[in-house]
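Pasting structure.cif here (mmCIF, C-alpha atoms):
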```cif
data_start
loop_
_atom_site.group_PDB
_atom_site.id
_atom_site.type_symbol
_atom_site.label_atom_id
_atom_site.label_comp_id
_atom_site.auth_asym_id
_atom_site.auth_seq_id
_atom_site.Cartn_x
_atom_site.Cartn_y
_atom_site.Cartn_z
ATOM 1 C CA MET V 170 -49.540 -95.626 14.426
ATOM 2 C CA PHE V 171 -51.376 -92.456 13.584
ATOM 3 C CA SER V 172 -53.418 -90.492 16.043
ATOM 4 C CA ARG V 173 -55.556 -87.394 15.560
ATOM 5 C CA VAL V 174 -57.934 -85.478 17.772
ATOM 6 C CA ILE V 175 -61.384 -84.539 16.430
ATOM 7 C CA SER V 176 -64.706 -83.601 17.952
ATOM 8 C CA SER V 177 -67.074 -86.434 18.806
ATOM 9 C CA SER V 178 -70.069 -84.423 17.556
ATOM 10 C CA SER V 179 -68.876 -84.442 13.929
ATOM 11 C CA PRO V 180 -71.173 -86.540 11.651
ATOM 12 C CA LEU V 181 -68.294 -87.471 9.322
ATOM 13 C CA MET V 182 -66.127 -88.963 12.050
ATOM 14 C CA MET V 183 -67.149 -92.607 11.445
ATOM 15 C CA THR V 184 -68.024 -92.422 7.716
ATOM 16 C CA ALA V 185 -64.909 -90.660 6.444
ATOM 17 C CA VAL V 186 -62.446 -93.018 8.098
ATOM 18 C CA ARG V 187 -61.937 -96.428 6.486
ATOM 19 C CA MET V 188 -59.762 -98.921 8.309
ATOM 20 C CA ARG V 189 -58.587 -102.467 7.393
ATOM 21 C CA GLN V 190 -58.021 -103.367 10.981
ATOM 22 C CA PRO V 191 -60.487 -102.596 13.760
ATOM 23 C CA SER V 192 -59.759 -99.372 15.533
ATOM 24 C CA GLN V 193 -59.768 -98.762 19.207
ATOM 25 C CA VAL V 194 -61.833 -95.850 20.427
ATOM 26 C CA VAL V 195 -60.833 -94.414 23.762
ATOM 27 C CA THR V 196 -63.082 -91.764 25.271
ATOM 28 C CA SER V 197 -61.738 -89.566 28.027
ATOM 29 C CA ALA V 198 -64.142 -88.837 30.815
ATOM 30 C CA ALA V 199 -62.462 -85.557 31.632
ATOM 31 C CA SER V 200 -63.005 -84.015 28.199
ATOM 32 C CA THR V 201 -65.460 -84.075 25.316
ATOM 33 C CA ARG V 202 -62.912 -85.059 22.698
ATOM 34 C CA THR V 203 -62.419 -88.543 21.252
ATOM 35 C CA ILE V 204 -59.034 -90.041 20.437
ATOM 36 C CA ILE V 205 -59.018 -92.466 17.484
ATOM 37 C CA THR V 206 -56.064 -94.855 17.128
ATOM 38 C CA SER V 207 -55.684 -96.961 13.938
ATOM 39 C CA SER V 208 -53.047 -98.465 11.628
ATOM 40 C CA SER V 209 -50.598 -96.537 9.461
ATOM 41 C CA TRP V 210 -52.827 -96.387 6.392
ATOM 42 C CA LEU V 211 -55.498 -94.284 8.136
ATOM 43 C CA VAL V 212 -57.078 -91.810 5.781
ATOM 44 C CA ASP V 213 -55.962 -88.289 6.347
ATOM 45 C CA LEU V 214 -58.723 -86.669 8.343
ATOM 46 C CA GLN V 215 -57.590 -83.241 7.371
ATOM 47 C CA GLU V 216 -58.640 -83.832 3.752
ATOM 48 C CA ALA V 217 -61.773 -85.827 4.608
ATOM 49 C CA LEU V 218 -63.227 -83.503 7.188
ATOM 50 C CA PRO V 219 -64.021 -79.877 6.420
ATOM 51 C CA SER V 220 -62.433 -77.259 8.589
ATOM 52 C CA GLN V 221 -64.740 -76.445 11.454
ATOM 53 C CA GLN V 222 -63.273 -73.042 12.272
ATOM 54 C CA SER V 223 -63.201 -70.459 9.533
ATOM 55 C CA PRO V 224 -60.143 -68.243 9.572
ATOM 56 C CA GLN V 225 -60.943 -64.902 11.145
ATOM 57 C CA THR V 226 -59.449 -61.846 9.602
ATOM 58 C CA PRO V 227 -57.789 -59.697 12.251
ATOM 59 C CA GLN V 228 -59.469 -56.340 12.683
ATOM 60 C CA LYS V 229 -57.194 -53.405 12.236
ATOM 61 C CA GLN V 230 -57.411 -50.994 15.123
ATOM 62 C CA GLN V 231 -57.490 -47.413 13.995
ATOM 63 C CA ILE V 232 -55.165 -45.304 16.090
ATOM 64 C CA ARG V 233 -55.907 -41.597 16.111
ATOM 65 C CA SER V 234 -53.428 -39.148 17.520
ATOM 66 C CA VAL V 235 -54.488 -35.659 18.498
ATOM 67 C CA HIS V 236 -51.825 -33.066 17.801
ATOM 68 C CA SER V 237 -51.370 -30.180 20.153
ATOM 69 C CA GLU V 238 -51.597 -26.598 18.951
ATOM 70 C CA ARG V 239 -47.811 -26.316 18.957
ATOM 71 C CA GLN V 240 -47.409 -29.520 16.940
ATOM 72 C CA VAL V 241 -49.972 -28.378 14.364
ATOM 73 C CA LYS V 242 -48.126 -25.100 13.867
ATOM 74 C CA ARG V 243 -44.742 -26.804 13.673
ATOM 75 C CA LEU V 244 -45.762 -29.678 11.366
ATOM 76 C CA PHE V 245 -48.294 -27.980 9.108
ATOM 77 C CA LYS V 246 -48.691 -24.214 9.428
ATOM 78 C CA ASN V 247 -45.140 -23.055 10.137
ATOM 79 C CA HIS V 248 -43.322 -25.773 8.232
ATOM 80 C CA PRO V 249 -40.371 -24.227 6.336
ATOM 81 C CA ALA V 250 -41.224 -26.009 3.078
ATOM 82 C CA ARG V 251 -44.797 -24.747 3.216
ATOM 83 C CA GLN V 252 -43.672 -21.205 4.005
ATOM 84 C CA ARG V 253 -41.285 -21.192 1.037
ATOM 85 C CA ALA V 254 -44.007 -22.494 -1.280
ATOM 86 C CA GLU V 255 -46.496 -19.889 -0.057
ATOM 87 C CA GLN V 256 -43.874 -17.171 -0.421
ATOM 88 C CA ARG V 257 -43.304 -18.130 -4.076
ATOM 89 C CA LYS V 258 -47.059 -18.115 -4.709
ATOM 90 C CA GLY V 259 -47.552 -14.830 -2.922
ATOM 91 C CA VAL V 260 -49.901 -16.231 -0.283
ATOM 92 C CA ASP V 261 -50.368 -13.926 2.704
ATOM 93 C CA ARG V 262 -51.814 -15.622 5.783
ATOM 94 C CA THR V 263 -51.710 -12.566 8.021
ATOM 95 C CA PRO V 264 -55.095 -12.322 9.764
ATOM 96 C CA PRO V 265 -57.106 -9.191 8.984
ATOM 97 C CA PRO V 266 -56.891 -6.467 11.629
ATOM 98 C CA LEU V 267 -59.712 -6.156 14.122
ATOM 99 C CA ASP V 268 -61.942 -3.130 14.424
ATOM 100 C CA PRO V 269 -60.558 -0.315 16.577
ATOM 101 C CA PRO V 270 -61.757 -0.066 20.188
ATOM 102 C CA THR V 271 -65.101 1.567 20.838
ATOM 103 C CA PHE V 272 -63.727 3.834 23.565
ATOM 104 C CA PRO V 273 -60.694 5.844 22.422
ATOM 105 C CA PRO V 274 -58.060 6.997 24.953
ATOM 106 C CA ILE V 275 -58.530 10.402 26.510
ATOM 107 C CA ALA V 276 -54.953 10.970 27.719
ATOM 108 C CA ASN V 277 -51.355 10.084 27.004
ATOM 109 C CA PRO V 278 -50.153 8.592 30.295
ATOM 110 C CA GLN V 279 -46.634 8.817 31.660
ATOM 111 C CA PHE V 280 -45.154 5.952 33.681
ATOM 112 C CA LEU V 281 -42.422 5.819 36.293
ATOM 113 C CA PRO V 282 -39.747 3.099 36.187
ATOM 114 C CA ASN V 283 -41.691 1.107 38.797
ATOM 115 C CA GLY V 284 -44.802 1.036 36.564
ATOM 116 C CA TRP V 285 -46.869 3.658 38.407
ATOM 117 C CA SER V 286 -48.808 6.347 36.580
ATOM 118 C CA PRO V 287 -50.905 9.213 37.969
ATOM 119 C CA LEU V 288 -54.579 9.634 37.305
ATOM 120 C CA PRO V 289 -55.363 12.068 34.463
ATOM 121 C CA ASP V 290 -56.570 15.517 35.482
ATOM 122 C CA PRO V 291 -60.001 16.283 33.982
ATOM 123 C CA ALA V 292 -59.313 20.040 34.066
ATOM 124 C CA ALA V 293 -56.141 19.617 32.056
ATOM 125 C CA LEU V 294 -58.089 17.609 29.491
ATOM 126 C CA GLY V 295 -60.905 20.169 29.293
ATOM 127 C CA LEU V 296 -63.431 17.835 30.929
ATOM 128 C CA ASP V 297 -65.660 18.287 33.949
ATOM 129 C CA GLU V 298 -65.039 14.718 35.102
ATOM 130 C CA LEU V 299 -63.540 11.514 33.850
ATOM 131 C CA PRO V 300 -65.813 9.508 31.522
ATOM 132 C CA LYS V 301 -67.760 6.503 32.809
ATOM 133 C CA TYR V 302 -67.510 3.114 31.141
ATOM 134 C CA PRO V 303 -69.640 -0.058 31.379
ATOM 135 C CA PHE V 304 -66.630 -1.693 33.035
ATOM 136 C CA HIS V 305 -64.243 -0.547 35.708
ATOM 137 C CA VAL V 306 -60.719 -1.465 36.819
ATOM 138 C CA ALA V 307 -59.881 -0.452 40.376
ATOM 139 C CA ARG V 308 -56.347 0.410 41.416
ATOM 140 C CA THR V 309 -54.531 -1.125 44.353
ATOM 141 C CA GLY V 310 -55.153 0.448 47.770
ATOM 142 C CA ASN V 311 -53.530 0.780 51.177
ATOM 143 C CA LYS V 312 -51.059 3.417 50.007
ATOM 144 C CA PRO V 313 -49.594 5.951 52.449
ATOM 145 C CA ASN V 314 -51.102 9.453 52.627
ATOM 146 C CA GLY V 315 -53.970 8.379 50.356
ATOM 147 C CA ALA V 316 -51.728 8.092 47.323
ATOM 148 C CA VAL V 317 -53.054 6.593 44.115
ATOM 149 C CA GLY V 318 -52.217 2.920 43.741
ATOM 150 C CA PHE V 319 -50.947 0.861 40.840
ATOM 151 C CA LEU V 320 -52.951 -0.616 38.010
ATOM 152 C CA PRO V 321 -53.620 -4.323 38.814
ATOM 153 C CA VAL V 322 -51.785 -5.708 35.778
ATOM 154 C CA TYR V 323 -49.147 -8.352 36.450
ATOM 155 C CA SER V 324 -46.926 -10.729 34.503
ATOM 156 C CA ASP V 325 -46.701 -14.380 35.496
ATOM 157 C CA PHE V 326 -43.736 -16.586 34.563
ATOM 158 C CA ARG V 327 -44.158 -20.364 34.837
ATOM 159 C CA LEU V 328 -42.264 -23.466 33.713
ATOM 160 C CA ASN V 329 -38.892 -21.807 34.337
ATOM 161 C CA GLY V 330 -39.879 -18.775 32.313
ATOM 162 C CA TYR V 331 -41.055 -20.786 29.313
ATOM 163 C CA LYS V 332 -44.747 -19.876 29.747
ATOM 164 C CA VAL V 333 -45.473 -16.164 30.193
ATOM 165 C CA THR V 334 -48.940 -14.748 30.802
ATOM 166 C CA THR V 335 -50.435 -11.379 31.754
ATOM 167 C CA ARG V 336 -53.112 -11.100 34.441
ATOM 168 C CA ILE V 337 -55.589 -8.283 35.000
ATOM 169 C CA LYS V 338 -57.400 -8.150 38.353
ATOM 170 C CA LYS V 339 -60.088 -6.039 40.058
ATOM 171 C CA ILE V 340 -62.377 -5.900 37.027
ATOM 172 C CA SER V 341 -66.054 -5.140 37.540
ATOM 173 C CA GLY V 342 -68.988 -4.396 35.268
ATOM 174 C CA ASP V 343 -69.421 -5.754 31.737
ATOM 175 C CA ARG V 344 -66.594 -8.284 31.358
ATOM 176 C CA ASP V 345 -67.598 -9.306 27.825
ATOM 177 C CA LEU V 346 -67.308 -5.724 26.618
ATOM 178 C CA PHE V 347 -64.011 -5.361 28.463
ATOM 179 C CA ILE V 348 -62.610 -8.453 26.723
ATOM 180 C CA LYS V 349 -63.865 -7.179 23.357
ATOM 181 C CA GLU V 350 -62.075 -3.859 23.867
ATOM 182 C CA LEU V 351 -58.983 -5.708 25.061
ATOM 183 C CA ARG V 352 -58.940 -7.865 21.917
ATOM 184 C CA ALA V 353 -59.226 -4.798 19.710
ATOM 185 C CA THR V 354 -56.393 -3.074 21.577
ATOM 186 C CA LEU V 355 -53.982 -6.009 21.510
ATOM 187 C CA GLN V 356 -55.207 -7.390 18.144
ATOM 188 C CA LEU V 357 -55.942 -10.859 19.544
ATOM 189 C CA PRO V 358 -58.832 -12.376 17.553
ATOM 190 C CA GLU V 359 -60.956 -15.242 18.766
ATOM 191 C CA PRO V 360 -60.084 -18.759 17.518
ATOM 192 C CA LYS V 361 -61.997 -19.969 14.488
ATOM 193 C CA ASN V 362 -63.423 -23.022 16.235
ATOM 194 C CA LYS V 363 -64.470 -20.977 19.318
ATOM 195 C CA ASN V 364 -62.514 -23.403 21.472
ATOM 196 C CA PRO V 365 -61.453 -21.701 24.731
ATOM 197 C CA ARG V 366 -58.416 -23.985 24.850
ATOM 198 C CA TYR V 367 -56.852 -22.146 21.899
ATOM 199 C CA ASP V 368 -58.024 -18.689 22.925
ATOM 200 C CA ALA V 369 -55.341 -16.168 23.882
ATOM 201 C CA ILE V 370 -57.639 -14.589 26.488
ATOM 202 C CA ARG V 371 -59.507 -16.470 29.188
ATOM 203 C CA ILE V 372 -61.236 -15.763 32.491
ATOM 204 C CA ARG V 373 -59.731 -17.528 35.483
ATOM 205 C CA ALA V 374 -61.265 -18.250 38.872
ATOM 206 C CA GLY V 375 -62.090 -15.098 40.795
ATOM 207 C CA GLY V 376 -62.696 -13.007 37.671
ATOM 208 C CA THR V 377 -59.018 -12.550 36.776
ATOM 209 C CA ILE V 378 -58.436 -12.189 33.039
ATOM 210 C CA GLU V 379 -55.349 -13.966 31.736
ATOM 211 C CA ILE V 380 -53.653 -13.228 28.421
ATOM 212 C CA LYS V 381 -51.012 -15.366 26.731
ATOM 213 C CA GLY V 382 -47.746 -13.486 26.435
ATOM 214 C CA ASN V 383 -46.285 -10.457 28.171
ATOM 215 C CA HIS V 384 -48.599 -7.498 27.465
ATOM 216 C CA VAL V 385 -48.170 -5.615 30.742
ATOM 217 C CA ARG V 386 -46.999 -2.333 29.202
ATOM 218 C CA SER V 387 -49.618 -2.320 26.462
ATOM 219 C CA VAL V 388 -52.465 -3.096 28.869
ATOM 220 C CA LYS V 389 -51.336 -0.492 31.417
ATOM 221 C CA LYS V 390 -51.027 2.163 28.736
ATOM 222 C CA TRP V 391 -54.518 1.346 27.459
ATOM 223 C CA LEU V 392 -56.118 1.388 30.920
ATOM 224 C CA ALA V 393 -54.321 4.572 32.010
ATOM 225 C CA GLY V 394 -55.304 6.235 28.725
ATOM 226 C CA LEU V 395 -58.973 5.508 29.487
ATOM 227 C CA GLY V 396 -58.644 7.220 32.851
ATOM 228 C CA PHE V 397 -58.344 4.261 35.244
#
```

If you took the structure in this file and wrote it as structure tokens, what would it be?
Amino acid sequence: MFSRVISSSSPLMMTAVRMRQPSQVVTSAASTRTIITSSSWLVDLQEALPSQQSPQTPQKQQIRSVHSERQVKRLFKNHPARQRAEQRKGVDRTPPPLDPPTFPPIANPQFLPNGWSPLPDPAALGLDELPKYPFHVARTGNKPNGAVGFLPVYSDFRLNGYKVTTRIKKISGDRDLFIKELRATLQLPEPKNKNPRYDAIRIRAGGTIEIKGNHVRSVKKWLAGLGF
């Protein structure tokens, strides 16, 4: 005996099958399919009937992976093979230096081992008073006998010392101009794509300016040289 399951709505179901003996058609009430039972010489329905379902080609899912800044530098920019090839070709990828700061320093400050520096004396510099800038950085207060406080520049170590940043607090006035002067002093250009995620300088909540890396000494020397 040979049995095969086909759809009852096919027009070729009764014409394509030729049988010497009468076949018995049993229809199931629970489903819409018809079961045909015949003798052994039943014509192969697979060759007589066309395939009702066309094979569907599986769609390839495109997987995109976004590399982090560190992975891009390690895999592409700072790859040893690429560096050797660029060295043989004489390629220099050092970024061009930024323009010097608009406001030059007025004094050469001296620091104590604890990081404190005195305010510059205008009379010793031949000035009537210290110059005014569009921005201002206030020193810390609450010192005994009215002593001058420290510059609000701190280093922050996170991830067990793996991530080091520098924070500058108590900034008022033109912050954009302050960041521009800070970039020129530390030679930290803006990213090409203007993405703040890859910028070395950013403004945190509360107006604190954060810089990637430990630049406490350089920032304090720059601020004290301006007269803050």

* To do: Find the spatial neighbours of V:Leu299, counting all atoms listed in the file, within a cut-off of 12 Å - ignore same-chain residues fewer than 6 positions away - and output them as number ranges by chain.
  => V: 274-276, 288-293, 393-397

Any chance you could work out the residue set of the PyMOL selection byres ((chain V and resi 341) around 12) here, as a compact mmCIF listing (two decimals) with C-alpha atoms, in the coordinates of the input?
```
# COMPACT_ATOMS: atom_id res chain seq x y z
CA TYR V 302 -67.51 3.11 31.14
CA PRO V 303 -69.64 -0.06 31.38
CA PHE V 304 -66.63 -1.69 33.03
CA HIS V 305 -64.24 -0.55 35.71
CA VAL V 306 -60.72 -1.46 36.82
CA ALA V 307 -59.88 -0.45 40.38
CA ARG V 308 -56.35 0.41 41.42
CA ILE V 337 -55.59 -8.28 35.00
CA LYS V 338 -57.40 -8.15 38.35
CA LYS V 339 -60.09 -6.04 40.06
CA ILE V 340 -62.38 -5.90 37.03
CA GLY V 342 -68.99 -4.40 35.27
CA ASP V 343 -69.42 -5.75 31.74
CA ARG V 344 -66.59 -8.28 31.36
CA ASP V 345 -67.60 -9.31 27.82
CA LEU V 346 -67.31 -5.72 26.62
CA PHE V 347 -64.01 -5.36 28.46
CA ILE V 348 -62.61 -8.45 26.72
CA GLY V 375 -62.09 -15.10 40.80
CA GLY V 376 -62.70 -13.01 37.67
CA THR V 377 -59.02 -12.55 36.78
CA ILE V 378 -58.44 -12.19 33.04
```

* Exercise: V:Phe280 partners within 12 Å, all atoms listed in the file, chain neighbours under 3 positions left out, as a list in words ->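 Result of the neighbour search: Asn277, Asn283, Gly284, Trp285, Ser286, Pro287, Leu288, Pro289, Phe319, Leu320, Arg386, Ser387, Lys389, Lys390, Ala393 and Gly394 of chain V.
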
* Within 12 Å of V:Pro269 using only C-alpha atoms, minus same-chain residues under 4 positions, as number ranges by chain -> V: 273-274, 349-357

* Asked: Please, what distance in Å, to one decimal, runs between atom CA of V:Gly259 and atom CA of V:Pro358?
  ->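 If I compute the distance from atom CA of V:Gly259 to atom CA of V:Pro358, I get 23.5 Å.
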
* Asked: atom CA of V:Pro282 to atom CA of V:Gly330: how many Å, to one decimal?
  ->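 So the answer is 22.2 Å.
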
* In file coordinates, which residues lie within 9 Å of (-46.7, -17.3, 32.6) using all atoms listed in the file, given as a list of chain:residue names? -> V:Ser324, V:Asp325, V:Phe326, V:Arg327, V:Leu328, V:Gly330, V:Tyr331, V:Lys332, V:Val333, V:Thr334, V:Thr335, V:Lys381, V:Gly382, V:Asn383

* To do: Could you tell me which of V:Glu298, V:Glu379, V:Glu238, V:Glu359 comes closest to V:Pro264 if we count only C-alpha atoms?
  =>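 Ranked by minimum distance to V:Pro264, first place goes to V:Glu359.
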
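Relative to atom CA of V:Pro265, atom CA of V:Val322 is found at 27.5 Å.
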
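Proximity to V:Pro300 was assessed for V:Gly318, V:Val260, V:Ala374, V:Phe272 counting all atoms listed in the file; the smallest distance is recorded for V:Phe272.
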